[in-house]
>>> print(open('protein_10.txt').read())   # compact mmCIF, C-alpha atoms
# COMPACT_ATOMS: atom_id res chain seq x y z
CA MET I 296 -17.07 5.79 5.37
CA LEU I 297 -19.67 8.44 6.15
CA ASP I 298 -23.25 7.81 7.22
CA ILE I 299 -25.32 8.27 4.07
CA LYS I 300 -27.98 10.03 6.14
CA PHE I 301 -25.36 12.59 7.18
CA LEU I 302 -24.32 13.09 3.55
CA ARG I 303 -27.94 13.37 2.43
CA GLU I 304 -28.66 16.06 5.02
CA ASN I 305 -25.28 17.87 4.88
CA PRO I 306 -23.95 17.77 1.31
CA ASP I 307 -22.30 21.18 1.63
CA ILE I 308 -20.36 20.11 4.73
CA VAL I 309 -19.14 16.99 2.93
CA LYS I 310 -18.07 19.03 -0.11
CA GLU I 311 -16.28 21.60 2.04
CA ASN I 312 -14.44 18.78 3.78
CA ILE I 313 -13.33 17.40 0.41
CA LYS I 314 -12.02 20.84 -0.51
CA LYS I 315 -10.10 21.07 2.77
CA LYS I 316 -8.37 17.85 1.82
CA PHE I 317 -7.56 19.23 -1.65
CA GLU I 318 -9.36 16.32 -3.32
CA ASP I 319 -11.61 18.39 -5.60
CA ALA I 320 -11.83 15.57 -8.13
CA LYS I 321 -14.08 13.81 -5.59
CA LEU I 322 -16.61 16.65 -5.37
CA PRO I 323 -18.95 15.19 -8.05
CA LEU I 324 -19.25 12.02 -5.95
CA VAL I 325 -21.45 13.82 -3.44
CA ASP I 326 -24.13 14.75 -5.99
CA GLU I 327 -23.85 11.32 -7.59
CA VAL I 328 -24.52 9.64 -4.25
CA ILE I 329 -27.48 11.93 -3.56
CA SER I 330 -28.95 11.13 -7.00
CA LEU I 331 -28.41 7.39 -6.54
CA ASP I 332 -29.84 7.57 -3.03
CA ILE I 333 -33.02 9.18 -4.39
CA GLU I 334 -33.24 6.45 -7.02
CA ARG I 335 -32.72 3.75 -4.39
CA ARG I 336 -35.46 5.14 -2.14
CA GLU I 337 -37.82 5.43 -5.11
CA ILE I 338 -37.15 1.79 -5.94
CA GLN I 339 -37.86 0.85 -2.33
CA ALA I 340 -41.07 2.89 -2.23
CA GLU I 341 -42.35 1.41 -5.50
CA ALA I 342 -41.47 -2.10 -4.36
CA ASP I 343 -43.25 -1.62 -1.03
CA ASN I 344 -46.36 -0.29 -2.79
CA LEU I 345 -46.35 -3.19 -5.25
CA ARG I 346 -46.06 -5.74 -2.46
CA ALA I 347 -48.94 -4.14 -0.57
CA GLU I 348 -51.11 -3.98 -3.69
CA LYS I 349 -50.15 -7.51 -4.70
CA ASN I 350 -51.13 -8.86 -1.28
CA LYS I 351 -54.39 -6.96 -1.38
CA ILE I 352 -55.57 -8.16 -4.79
CA SER I 353 -54.23 -11.68 -4.23
CA LYS I 354 -56.85 -12.05 -1.52
CA GLU I 355 -59.52 -11.14 -4.06
CA ILE I 356 -58.72 -14.13 -6.28
CA GLY I 357 -60.08 -16.70 -3.80
CA ALA I 358 -63.25 -14.72 -3.29
CA LEU I 359 -63.85 -14.34 -7.04
CA MET I 360 -63.27 -18.05 -7.62
CA ALA I 361 -65.74 -18.88 -4.83
CA GLN I 362 -68.29 -16.67 -6.53
CA GLY I 363 -67.67 -18.41 -9.85
CA LYS I 364 -66.19 -15.30 -11.41
CA LYS I 365 -63.36 -17.14 -13.14
CA GLU I 366 -62.74 -14.55 -15.87
CA GLU I 367 -62.42 -11.77 -13.33
CA ALA I 368 -60.16 -13.99 -11.24
CA GLU I 369 -57.93 -14.64 -14.26
CA THR I 370 -57.71 -10.88 -14.91
CA VAL I 371 -56.61 -10.33 -11.32
CA LYS I 372 -54.07 -13.17 -11.64
CA LYS I 373 -52.55 -11.46 -14.67
CA LYS I 374 -52.27 -8.25 -12.68
CA VAL I 375 -50.56 -10.16 -9.86
CA ALA I 376 -48.15 -11.65 -12.40
CA GLU I 377 -47.39 -8.16 -13.75
CA PHE I 378 -46.72 -6.94 -10.22
CA SER I 379 -44.46 -9.94 -9.60
CA GLN I 380 -42.48 -9.26 -12.76
CA ARG I 381 -42.01 -5.60 -11.85
CA LEU I 382 -41.01 -6.57 -8.31
CA LYS I 383 -38.39 -8.92 -9.72
CA GLU I 384 -36.98 -6.09 -11.85
CA LEU I 385 -36.88 -3.76 -8.85
CA GLU I 386 -35.28 -6.41 -6.61
CA GLU I 387 -32.57 -6.96 -9.22
CA LYS I 388 -32.04 -3.23 -9.67
CA ALA I 389 -31.82 -2.36 -5.95
CA PRO I 390 -28.50 -4.15 -5.19
CA GLU I 391 -26.96 -2.66 -8.35
CA VAL I 392 -27.80 0.85 -7.13
CA ASP I 393 -26.62 -0.06 -3.61
CA GLU I 394 -23.28 -1.15 -5.05
CA GLU I 395 -22.90 2.10 -7.00
CA ILE I 396 -23.64 4.07 -3.84
CA LYS I 397 -21.14 2.02 -1.82
CA LYS I 398 -18.38 2.44 -4.43
CA ARG I 399 -18.69 6.21 -4.16
CA MET I 400 -19.16 6.33 -0.40
CA MET I 401 -16.02 4.26 0.10
CA ILE I 402 -13.86 6.95 -1.49
CA ILE I 403 -15.53 10.05 -0.06
CA PRO I 404 -13.18 11.12 2.78
CA ASN I 405 -14.16 11.12 6.42
CA ILE I 406 -14.97 14.45 8.09
CA ILE I 407 -11.76 15.76 9.64
CA ASP I 408 -11.65 17.17 13.15
CA PRO I 409 -11.94 21.00 13.32
CA SER I 410 -8.51 21.15 15.00
CA VAL I 411 -6.72 19.69 11.95
CA PRO I 412 -4.51 22.30 10.22
CA ILE I 413 -5.39 22.91 6.57
CA GLY I 414 -2.59 22.10 4.12
CA LYS I 415 -1.99 20.36 0.80
CA ASP I 416 0.59 17.74 1.78
CA ASP I 417 3.10 16.66 4.43
CA SER I 418 5.26 19.72 3.75
CA GLU I 419 2.55 21.73 5.55
CA ASN I 420 2.35 19.55 8.64
CA VAL I 421 2.70 21.55 11.86
CA GLU I 422 5.25 20.95 14.60
CA VAL I 423 3.56 20.70 18.00
CA GLU I 424 6.32 20.10 20.54
CA LYS I 425 9.89 18.82 20.95
CA TYR I 426 10.95 16.39 23.68
CA GLY I 427 14.63 16.10 24.56
CA GLU I 428 17.52 18.16 23.30
CA PRO I 429 18.57 17.33 19.72
CA VAL I 430 22.37 16.99 19.72
CA VAL I 431 24.85 16.97 16.85
CA PRO I 432 28.12 15.49 18.20
CA ASP I 433 31.55 16.78 17.25
CA PHE I 434 32.35 13.55 15.39
CA GLU I 435 30.91 12.22 12.15
CA ILE I 436 27.85 9.98 12.37
CA PRO I 437 28.12 7.25 9.70
CA TYR I 438 25.17 6.05 7.63
CA HIS I 439 23.12 3.62 9.74
CA THR I 440 24.07 0.51 7.76
CA GLU I 441 27.74 1.41 8.19
CA ILE I 442 27.23 1.54 11.96
CA MET I 443 25.56 -1.86 11.83
CA GLU I 444 28.34 -3.29 9.68
CA ARG I 445 30.90 -2.34 12.36
CA PHE I 446 29.09 -4.81 14.62
CA ALA I 447 28.83 -7.44 11.83
CA GLY I 448 25.12 -6.83 12.28
CA ILE I 449 23.66 -6.52 8.77
CA ASP I 450 23.96 -8.27 5.42
CA LEU I 451 22.13 -6.46 2.61
CA ASP I 452 23.98 -8.13 -0.26
CA SER I 453 22.83 -11.64 0.65
CA ALA I 454 19.29 -10.35 1.24
CA ARG I 455 19.20 -8.89 -2.27
CA LYS I 456 20.22 -12.28 -3.70
CA VAL I 457 17.58 -14.08 -1.66
CA ALA I 458 14.64 -11.65 -1.83
CA GLY I 459 15.66 -8.51 -3.76
CA THR I 460 15.99 -4.93 -2.59
CA GLY I 461 14.04 -3.79 0.44
CA PHE I 462 15.05 -6.79 2.58
CA TYR I 463 17.89 -7.43 5.02
CA TYR I 464 19.60 -9.91 7.34
CA LEU I 465 20.19 -8.65 10.88
CA MET I 466 22.76 -10.54 12.95
CA GLY I 467 24.48 -10.66 16.30
CA ASP I 468 24.11 -7.73 18.67
CA ILE I 469 22.14 -5.69 16.12
CA ALA I 470 19.58 -8.49 15.73
CA ARG I 471 19.43 -8.83 19.49
CA LEU I 472 18.97 -5.07 19.84
CA HIS I 473 16.10 -5.25 17.35
CA SER I 474 14.36 -7.98 19.37
CA ALA I 475 15.11 -6.20 22.65
CA MET I 476 13.31 -3.09 21.44
CA THR I 477 10.24 -5.10 20.47
CA ALA I 478 10.19 -6.93 23.81
CA TYR I 479 10.69 -3.70 25.75
CA ALA I 480 7.88 -2.00 23.79
CA ARG I 481 5.60 -4.98 24.49
CA ASP I 482 6.23 -4.83 28.24
CA PHE I 483 6.02 -1.02 28.24
CA MET I 484 2.47 -1.22 26.87
CA ILE I 485 1.46 -4.10 29.14
CA GLU I 486 2.45 -1.90 32.09
CA LYS I 487 0.14 0.78 30.65
CA GLY I 488 -2.72 -1.71 31.00
CA PHE I 489 -2.87 -2.92 27.39
CA THR I 490 -3.53 -6.57 26.55
CA TYR I 491 -0.80 -8.22 24.48
CA VAL I 492 -1.96 -9.90 21.26
CA ILE I 493 -0.29 -11.75 18.40
CA PRO I 494 -2.79 -11.51 15.50
CA PRO I 495 -3.09 -13.25 12.11
CA PHE I 496 -0.58 -11.91 9.61
CA MET I 497 -2.98 -12.31 6.69
CA ILE I 498 -6.49 -10.91 6.28
CA ARG I 499 -9.38 -11.35 3.87
CA SER I 500 -10.47 -8.71 1.37
CA ALA I 501 -13.57 -7.86 3.45
CA VAL I 502 -11.27 -6.77 6.27
CA VAL I 503 -8.98 -4.86 3.90
CA ASP I 504 -11.98 -2.92 2.60
CA GLY I 505 -13.01 -2.17 6.16
CA VAL I 506 -9.75 -0.86 7.57
CA MET I 507 -8.21 1.25 4.82
CA SER I 508 -8.82 3.37 1.73
CA PHE I 509 -8.40 2.03 -1.80
CA ASP I 510 -5.37 4.26 -2.39
CA GLU I 511 -3.66 2.89 0.71
CA MET I 512 -4.44 -0.69 -0.31
CA ASP I 513 -3.00 -0.22 -3.79
CA SER I 514 0.21 1.34 -2.52
CA MET I 515 0.72 -1.02 0.40
CA MET I 516 -0.85 -4.47 0.27
CA TYR I 517 0.60 -7.71 -1.09
CA LYS I 518 -2.09 -10.07 -2.45
CA ILE I 519 -1.71 -13.84 -2.00
CA GLU I 520 -2.16 -15.32 -5.46
CA GLY I 521 -5.17 -17.61 -5.77
CA GLU I 522 -6.42 -16.81 -2.26
CA ASP I 523 -8.75 -14.24 -0.76
CA LEU I 524 -5.89 -13.16 1.49
CA TYR I 525 -3.56 -10.19 1.84
CA LEU I 526 -0.38 -9.85 3.89
CA ILE I 527 -0.90 -7.20 6.55
CA GLY I 528 0.89 -3.86 6.25
CA THR I 529 0.42 -3.31 10.00
CA SER I 530 -1.20 -5.34 12.75
CA GLU I 531 -3.88 -2.65 13.06
CA HIS I 532 -5.53 -4.29 10.05
CA SER I 533 -6.10 -7.68 11.62
CA MET I 534 -6.61 -6.26 15.11
CA ILE I 535 -9.54 -4.07 14.05
CA GLY I 536 -10.73 -6.85 11.74
CA ARG I 537 -11.11 -9.06 14.80
CA PHE I 538 -14.31 -7.17 15.66
CA ILE I 539 -15.92 -7.39 12.20
CA ASP I 540 -19.72 -7.69 12.31
CA SER I 541 -19.80 -7.83 16.11
CA ILE I 542 -21.68 -6.19 18.97
CA VAL I 543 -19.45 -5.11 21.85
CA ASP I 544 -20.81 -4.70 25.37
CA GLU I 545 -20.37 -1.04 26.35
CA ASN I 546 -19.23 -2.11 29.82
CA THR I 547 -16.12 -3.75 28.31
CA LEU I 548 -14.94 -0.48 26.72
CA PRO I 549 -12.37 0.78 26.18
CA LEU I 550 -10.61 -2.19 24.62
CA THR I 551 -6.88 -1.40 24.85
CA LEU I 552 -4.66 -3.80 22.93
CA THR I 553 -1.01 -3.93 21.94
CA SER I 554 -0.02 -6.23 19.13
CA TYR I 555 3.18 -7.60 17.65
CA SER I 556 3.47 -8.57 13.99
CA PRO I 557 5.69 -8.61 10.97
CA CYS I 558 4.50 -6.06 8.41
CA PHE I 559 4.67 -6.30 4.62
CA ARG I 560 4.52 -3.27 2.31
CA LYS I 561 5.09 -2.63 -1.36
CA GLU I 562 6.66 0.80 -0.67
CA LYS I 563 6.22 1.97 -4.26
CA GLY I 564 8.40 4.73 -5.70
CA SER I 565 12.04 5.72 -5.56
CA HIS I 566 13.58 7.14 -2.41
CA GLY I 567 16.72 9.07 -1.49
CA LEU I 568 19.91 7.77 0.11
CA GLU I 569 18.73 8.31 3.68
CA GLU I 570 15.68 6.13 3.02
CA ARG I 571 17.70 3.14 1.89
CA GLY I 572 19.19 0.57 4.24
CA VAL I 573 16.48 -0.38 6.74
CA TYR I 574 14.46 2.85 6.62
CA ARG I 575 11.96 2.04 3.85
CA ILE I 576 11.64 -1.69 3.40
CA HIS I 577 9.20 -4.38 2.30
CA GLN I 578 9.28 -6.40 5.52
CA PHE I 579 9.69 -5.28 9.11
CA GLU I 580 8.34 -5.89 12.61
CA LYS I 581 6.29 -3.58 14.74
CA GLN I 582 4.59 -3.19 18.09
CA GLU I 583 1.25 -1.42 17.73
CA MET I 584 -1.43 0.11 20.00
CA ILE I 585 -5.13 -0.35 19.22
CA VAL I 586 -8.09 1.18 21.05
CA VAL I 587 -11.81 0.55 20.55
CA CYS I 588 -13.82 3.01 22.62
CA LYS I 589 -16.91 5.18 23.01
CA PRO I 590 -17.10 8.14 20.60
CA GLU I 591 -16.86 10.72 23.38
CA GLU I 592 -13.61 9.17 24.64
CA SER I 593 -11.71 8.87 21.38
CA MET I 594 -9.92 12.24 21.47
CA ASP I 595 -8.71 11.61 25.02
CA TRP I 596 -7.33 8.27 23.89
CA PHE I 597 -5.74 9.89 20.86
CA ASN I 598 -3.68 12.13 23.12
CA LYS I 599 -2.78 9.27 25.45
CA LEU I 600 -1.59 7.05 22.62
CA TRP I 601 0.91 9.41 21.02
CA SER I 602 2.20 10.42 24.45
CA TYR I 603 3.08 6.77 25.14
CA THR I 604 5.30 6.68 22.05
CA VAL I 605 7.04 9.89 23.11
CA GLU I 606 7.59 8.44 26.59
CA LEU I 607 9.05 5.22 25.20
CA PHE I 608 11.51 6.97 22.89
CA ARG I 609 12.65 9.33 25.62
CA SER I 610 13.27 6.34 27.91
CA LEU I 611 15.78 5.18 25.27
CA ASP I 612 17.51 8.57 25.12
CA VAL I 613 16.13 9.48 21.70
CA PRO I 614 14.94 13.09 21.22
CA VAL I 615 11.60 13.32 19.41
CA ARG I 616 9.04 15.82 18.26
CA THR I 617 5.34 15.61 17.48
CA LEU I 618 3.94 16.79 14.18
CA GLU I 619 0.26 17.48 13.50
CA CYS I 620 -0.73 16.08 10.10
CA CYS I 621 -2.48 18.63 7.92
CA SER I 622 -5.71 17.95 6.05
CA GLY I 623 -4.04 17.02 2.77
CA ASP I 624 -1.77 14.48 4.49
CA LEU I 625 -4.63 12.57 6.14
CA ALA I 626 -5.72 9.26 4.64
CA ASP I 627 -9.42 9.31 3.78
CA LEU I 628 -10.59 7.35 6.82
CA LYS I 629 -8.74 9.48 9.36
CA VAL I 630 -10.31 12.18 11.51
CA LYS I 631 -7.02 13.34 13.01
CA SER I 632 -3.42 12.15 12.92
CA LEU I 633 -0.16 13.01 14.65
CA ASP I 634 3.30 11.76 13.74
CA VAL I 635 6.14 11.16 16.17
CA GLU I 636 9.52 11.93 14.62
CA ALA I 637 12.95 11.00 16.01
CA TRP I 638 16.03 13.19 15.84
CA SER I 639 18.75 12.13 13.39
CA PRO I 640 22.16 13.57 14.32
CA ARG I 641 23.48 12.44 10.95
CA GLN I 642 20.81 14.21 8.89
CA LYS I 643 20.43 17.05 11.43
CA LYS I 644 16.67 16.74 11.16
CA TYR I 645 13.76 14.66 12.45
CA PHE I 646 12.29 11.64 10.64
CA GLU I 647 9.05 9.73 11.15
CA VAL I 648 9.11 6.76 13.51
CA GLY I 649 5.43 6.46 14.42
CA SER I 650 1.96 7.69 13.55
CA CYS I 651 -1.11 8.01 15.78
CA SER I 652 -4.55 8.10 14.15
CA ASN I 653 -8.14 8.60 15.24
CA LEU I 654 -10.46 7.10 12.63
CA GLY I 655 -13.72 8.03 14.34
CA ASP I 656 -16.44 5.55 13.36
CA ALA I 657 -15.18 5.05 9.77
CA GLN I 658 -13.71 1.57 10.28
CA ALA I 659 -16.54 0.59 12.60
CA ARG I 660 -19.13 1.59 9.97
CA ARG I 661 -17.40 -0.42 7.24
CA LEU I 662 -16.86 -3.46 9.46
CA LYS I 663 -20.16 -3.15 11.39
CA ILE I 664 -18.54 -2.87 14.81
CA ARG I 665 -21.36 -1.83 17.12
CA VAL I 666 -21.59 -1.13 20.84
CA LYS I 667 -24.64 -2.03 22.94
CA ASP I 668 -25.37 -0.03 26.09
CA ASP I 669 -27.28 -1.17 29.18
CA ASP I 670 -30.58 -0.05 27.64
CA GLY I 671 -30.03 -2.14 24.52
CA ASN I 672 -29.25 0.84 22.29
CA LYS I 673 -26.60 0.26 19.63
CA TYR I 674 -24.09 2.72 18.19
CA LEU I 675 -20.82 2.59 16.26
CA ALA I 676 -17.53 2.34 18.14
CA HIS I 677 -14.56 4.62 17.52
CA THR I 678 -11.20 3.08 16.64
CA LEU I 679 -7.66 4.38 17.05
CA ASN I 680 -4.19 3.07 16.34
CA ASN I 681 -0.63 4.15 17.02
CA THR I 682 2.87 2.82 16.53
CA VAL I 683 4.62 1.88 19.75
CA VAL I 684 7.83 1.09 17.91
CA ALA I 685 8.93 -0.18 14.51
CA PRO I 686 12.43 -1.49 15.29
CA PRO I 687 14.11 -0.92 11.90
CA ARG I 688 13.51 2.84 12.09
CA MET I 689 13.99 2.79 15.84
CA LEU I 690 17.36 1.12 15.24
CA ILE I 691 18.43 4.06 13.09
CA ALA I 692 17.35 6.62 15.68
CA PHE I 693 18.78 4.60 18.56
CA LEU I 694 22.17 3.92 17.00
CA GLU I 695 22.69 7.50 15.85
CA ASN I 696 21.68 9.04 19.19
CA ASN I 697 23.59 6.58 21.39
CA LEU I 698 26.77 6.34 19.29
CA ASN I 699 30.10 7.29 20.86
CA ALA I 700 33.19 8.68 19.12
CA ASP I 701 34.99 5.31 19.49
CA GLY I 702 32.17 3.54 17.61
CA SER I 703 30.59 1.96 20.69
CA VAL I 704 26.88 2.32 21.42
CA ASN I 705 25.43 3.06 24.85
CA ILE I 706 22.57 0.87 26.09
CA PRO I 707 20.05 2.89 28.15
CA VAL I 708 19.05 1.49 31.53
CA ALA I 709 15.53 0.57 30.34
CA LEU I 710 16.88 -1.70 27.62
CA ARG I 711 19.65 -3.45 29.55
CA PRO I 712 17.49 -6.28 30.96
CA TYR I 713 16.67 -7.25 27.35
CA MET I 714 20.35 -7.13 26.32
CA GLY I 715 21.72 -9.47 28.98
CA GLY I 716 22.69 -6.59 31.25
CA LYS I 717 25.04 -5.00 28.70
CA GLU I 718 25.72 -1.30 29.21
CA LYS I 719 27.51 -0.81 25.92
CA LEU I 720 27.95 -2.49 22.53
CA VAL I 721 31.51 -2.59 21.24
CA PRO I 722 32.11 -2.84 17.49
CA THR I 723 33.90 -5.86 16.10
CA LYS I 724 35.32 -3.89 13.17
>>> encode(input="protein_10.txt", output="structure tokens")
Amino acid sequence: MLDIKFLRENPDIVKENIKKKFEDAKLPLVDEVISLDIERREIQAEADNLRAEKNKISKEIGALMAQGKKEEAETVKKKVAEFSQRLKELEEKAPEVDEEIKKRMMIIPNIIDPSVPIGKDDSENVEVEKYGEPVVPDFEIPYHTEIMERFAGIDLDSARKVAGTGFYYLMGDIARLHSAMTAYARDFMIEKGFTYVIPPFMIRSAVVDGVMSFDEMDSMMYKIEGEDLYLIGTSEHSMIGRFIDSIVDENTLPLTLTSYSPCFRKEKGSHGLEERGVYRIHQFEKQEMIVVCKPEESMDWFNKLWSYTVELFRSLDVPVRTLECCSGDLADLKVKSLDVEAWSPRQKKYFEVGSCSNLGDAQARRLKIRVKDDDGNKYLAHTLNNTVVAPPRMLIAFLENNLNADGSVNIPVALRPYMGGKEKLVPTK
């Protein structure tokens, strides 16, 4: 959410930013906010004047009564009563106008970084760099669930009976591989100096409003019936929510955290064959990176975060590339975002396995996360998040890139301690 003072003083910049995001339907919101802001300040000014005048003439009543001027005193009392009634009306009106301003401000997009490429949607995202040589072997790569089935490692049919589509049972070596990846990612980030956290897996609506846009919430979040609680779509939500309405000592920054959680997502819409199986699902697990830092440090951290994901995937022999998200592909709170995509030998293309985002002070403004420096000055923190690894998609990339012609799967050196020292998985079928 933008600073209303910034919008008030720079309406053309805000409108131009909306155009860059190809969200022209939101352009009228800027003028509406400006109009409401004028109304709100007029209400405040009138209320302040009434209070001052009311206090002034209230003092006259005692003096008039002491002088025996009861009729004049009664006249003044009536005036005080009129002022009180008008003040009541203004005090009732003010929060209504505030709410109308907030509703509009919450859906006006954040100002994107000047380096963000301009484009309408993800088809216009820009490749930045490739890491590792993408290889297409001279044998056929089966669909990822078929690979898993050779190890007796997945049961989709039973999951559909139990929970419906978008769920799965992982078993045996495939389940162990899934857990190994999460444990390896955890330790990888701890070695980078991040503090390991297991957060709440449900959050209140106040936190939801603070960490994401309305569109994201509608497409992602599961609401707990009868409770002011939502299942998290990523641990970023509860991790950033941890700092709601708090003042952070500047000397403790940056806060670098890595969190494990299950994630729950609606995943609305229909998807192609390659997005079935365990690619696009309602429940999965993830290791996440979170940073809370000074504004001037956020871009440096942005570049560190995505580089950690690249490093982790390369340590598991998975070729990846980085993709700069264009303006039209950025969620409204994001200043800048970069996706990490893994190579799929089966599809002969890259697919998304992680996303790094700098949200500037948008989440901090909504959640009132402030930093206090040594002089007592307060300012809003910047927040960032990035996927370390989401094992279901990592499983796809890992299995395809480490598959041998005989159906076995190589275990990279980095992962072997988490797989009981195994160097290779051998299929049972």
>>> residues_around(input="protein_10.txt", residues="region 647-660 of chain I", least_positions_apart="4", cutoff="9 Å", atoms="only C-alpha atoms", output="JSON, numbers by chain")
{"I": [296, 297, 298, 405, 505, 506, 507, 535, 538, 539, 540, 584, 590, 593, 594, 596, 597, 598, 600, 601, 604, 628, 629, 630, 631, 632, 633, 634, 635, 636, 637, 664, 665, 675, 676, 677, 678, 679, 680, 681, 682, 683, 684, 685, 688, 689, 692]}
>>> closest_atom_pairs(input="protein_10.txt", of="region 519-629 of chain I", to="region 445-456 of chain I", cutoff="12 Å", atoms="all atoms listed in the file", output="Markdown table")
| residue | atom | partner | partner_atom | distance |
| --- | --- | --- | --- | --- |
| I:Arg571 | CA | I:Leu451 | CA | 10.6 |
| I:Gly572 | CA | I:Leu451 | CA | 7.8 |
| I:Val573 | CA | I:Leu451 | CA | 9.3 |
| I:Ile576 | CA | I:Leu451 | CA | 11.6 |
| I:His577 | CA | I:Ala454 | CA | 11.8 |
| I:Gln578 | CA | I:Ala454 | CA | 11.6 |
>>> closest_residue(input="protein_10.txt", among="I:Pro495, I:Tyr479, I:Asn546, I:Gln362", to="Leu526 (chain I)", atoms="only C-alpha atoms")
I:Pro495
>>> atom_distance(input="protein_10.txt", atom1="CA of Lys351 (chain I)", atom2="CA of Glu377 (chain I)")
14.3 Å
>>> atom_distance(input="protein_10.txt", atom1="CA of Leu720 (chain I)", atom2="CA of Leu465 (chain I)")
15.3 Å
>>> residues_near_point(input="protein_10.txt", point="(-26.8, -1.5, -2.1)", cutoff="12 Å", atoms="all atoms listed in the file", output="NGL selection string")
:I and (299 or 328 or 331-332 or 334-336 or 338-339 or 386-400)
>>> atom_distance(input="protein_10.txt", atom1="CA of Asn696 (chain I)", atom2="CA of Glu419 (chain I)")
26.7 Å
>>> closest_residue(input="protein_10.txt", among="I:Val586, I:Met443, I:Ile706, I:Ala480", to="Tyr463 (chain I)", atoms="all atoms listed in the file")
I:Met443
>>> closest_residue(input="protein_10.txt", among="I:Met515, I:Val411, I:Ile542, I:Ala342", to="Lys673 (chain I)", atoms="only C-alpha atoms")
I:Ile542
>>> closest_residue(input="protein_10.txt", among="I:Glu583, I:Glu444, I:Glu327, I:Asp417", to="Tyr603 (chain I)", atoms="all atoms listed in the file")
I:Glu583
>>> closest_residue(input="protein_10.txt", among="I:Leu607, I:Ile313, I:Ala368, I:Val375", to="Ala347 (chain I)", atoms="all atoms listed in the file")
I:Val375
>>> residues_around(input="protein_10.txt", residues="region 430-442 of chain I", least_positions_apart="5", cutoff="9 Å", atoms="all atoms listed in the file", output="ChimeraX atom specification")
/I:448-449,451,569,572-573,614,638-643,690-692,694-696,698-700,702,722
>>> write_last_selection(input="protein_10.txt", atoms="C-alpha atoms", output="mmCIF file, in the coordinates of the input")
data_model
loop_
_atom_site.group_PDB
_atom_site.id
_atom_site.type_symbol
_atom_site.label_atom_id
_atom_site.label_comp_id
_atom_site.auth_asym_id
_atom_site.auth_seq_id
_atom_site.Cartn_x
_atom_site.Cartn_y
_atom_site.Cartn_z
ATOM 1 C CA GLY I 448 25.120 -6.830 12.280
ATOM 2 C CA ILE I 449 23.660 -6.520 8.770
ATOM 3 C CA LEU I 451 22.130 -6.460 2.610
ATOM 4 C CA GLU I 569 18.730 8.310 3.680
ATOM 5 C CA GLY I 572 19.190 0.570 4.240
ATOM 6 C CA VAL I 573 16.480 -0.380 6.740
ATOM 7 C CA PRO I 614 14.940 13.090 21.220
ATOM 8 C CA TRP I 638 16.030 13.190 15.840
ATOM 9 C CA SER I 639 18.750 12.130 13.390
ATOM 10 C CA PRO I 640 22.160 13.570 14.320
ATOM 11 C CA ARG I 641 23.480 12.440 10.950
ATOM 12 C CA GLN I 642 20.810 14.210 8.890
ATOM 13 C CA LYS I 643 20.430 17.050 11.430
ATOM 14 C CA LEU I 690 17.360 1.120 15.240
ATOM 15 C CA ILE I 691 18.430 4.060 13.090
ATOM 16 C CA ALA I 692 17.350 6.620 15.680
ATOM 17 C CA LEU I 694 22.170 3.920 17.000
ATOM 18 C CA GLU I 695 22.690 7.500 15.850
ATOM 19 C CA ASN I 696 21.680 9.040 19.190
ATOM 20 C CA LEU I 698 26.770 6.340 19.290
ATOM 21 C CA ASN I 699 30.100 7.290 20.860
ATOM 22 C CA ALA I 700 33.190 8.680 19.120
ATOM 23 C CA GLY I 702 32.170 3.540 17.610
ATOM 24 C CA PRO I 722 32.110 -2.840 17.490
#
>>> closest_residue(input="protein_10.txt", among="I:Lys518, I:Lys719, I:Lys415, I:Lys365", to="Glu318 (chain I)", atoms="only C-alpha atoms")
I:Lys415
>>> residues_around(input="protein_10.txt", residues="Glu511 (chain I)", least_positions_apart="5", cutoff="10 Å", atoms="all atoms listed in the file", output="list of chain:residue names")
I:Val503, I:Val506, I:Met516, I:Gly528, I:Ala626, I:Asp627
>>> residues_near_point(input="protein_10.txt", point="(-17.7, 2.3, 23.1)", cutoff="9 Å", atoms="all atoms listed in the file", output="list in words")
Val543, Asp544, Glu545, Asn546, Thr547, Leu548, Pro549, Leu550, Val587, Cys588, Lys589, Pro590, Glu591, Glu592, Arg665, Val666, Lys667, Asp668, Tyr674, Leu675, Ala676 and His677 of chain I
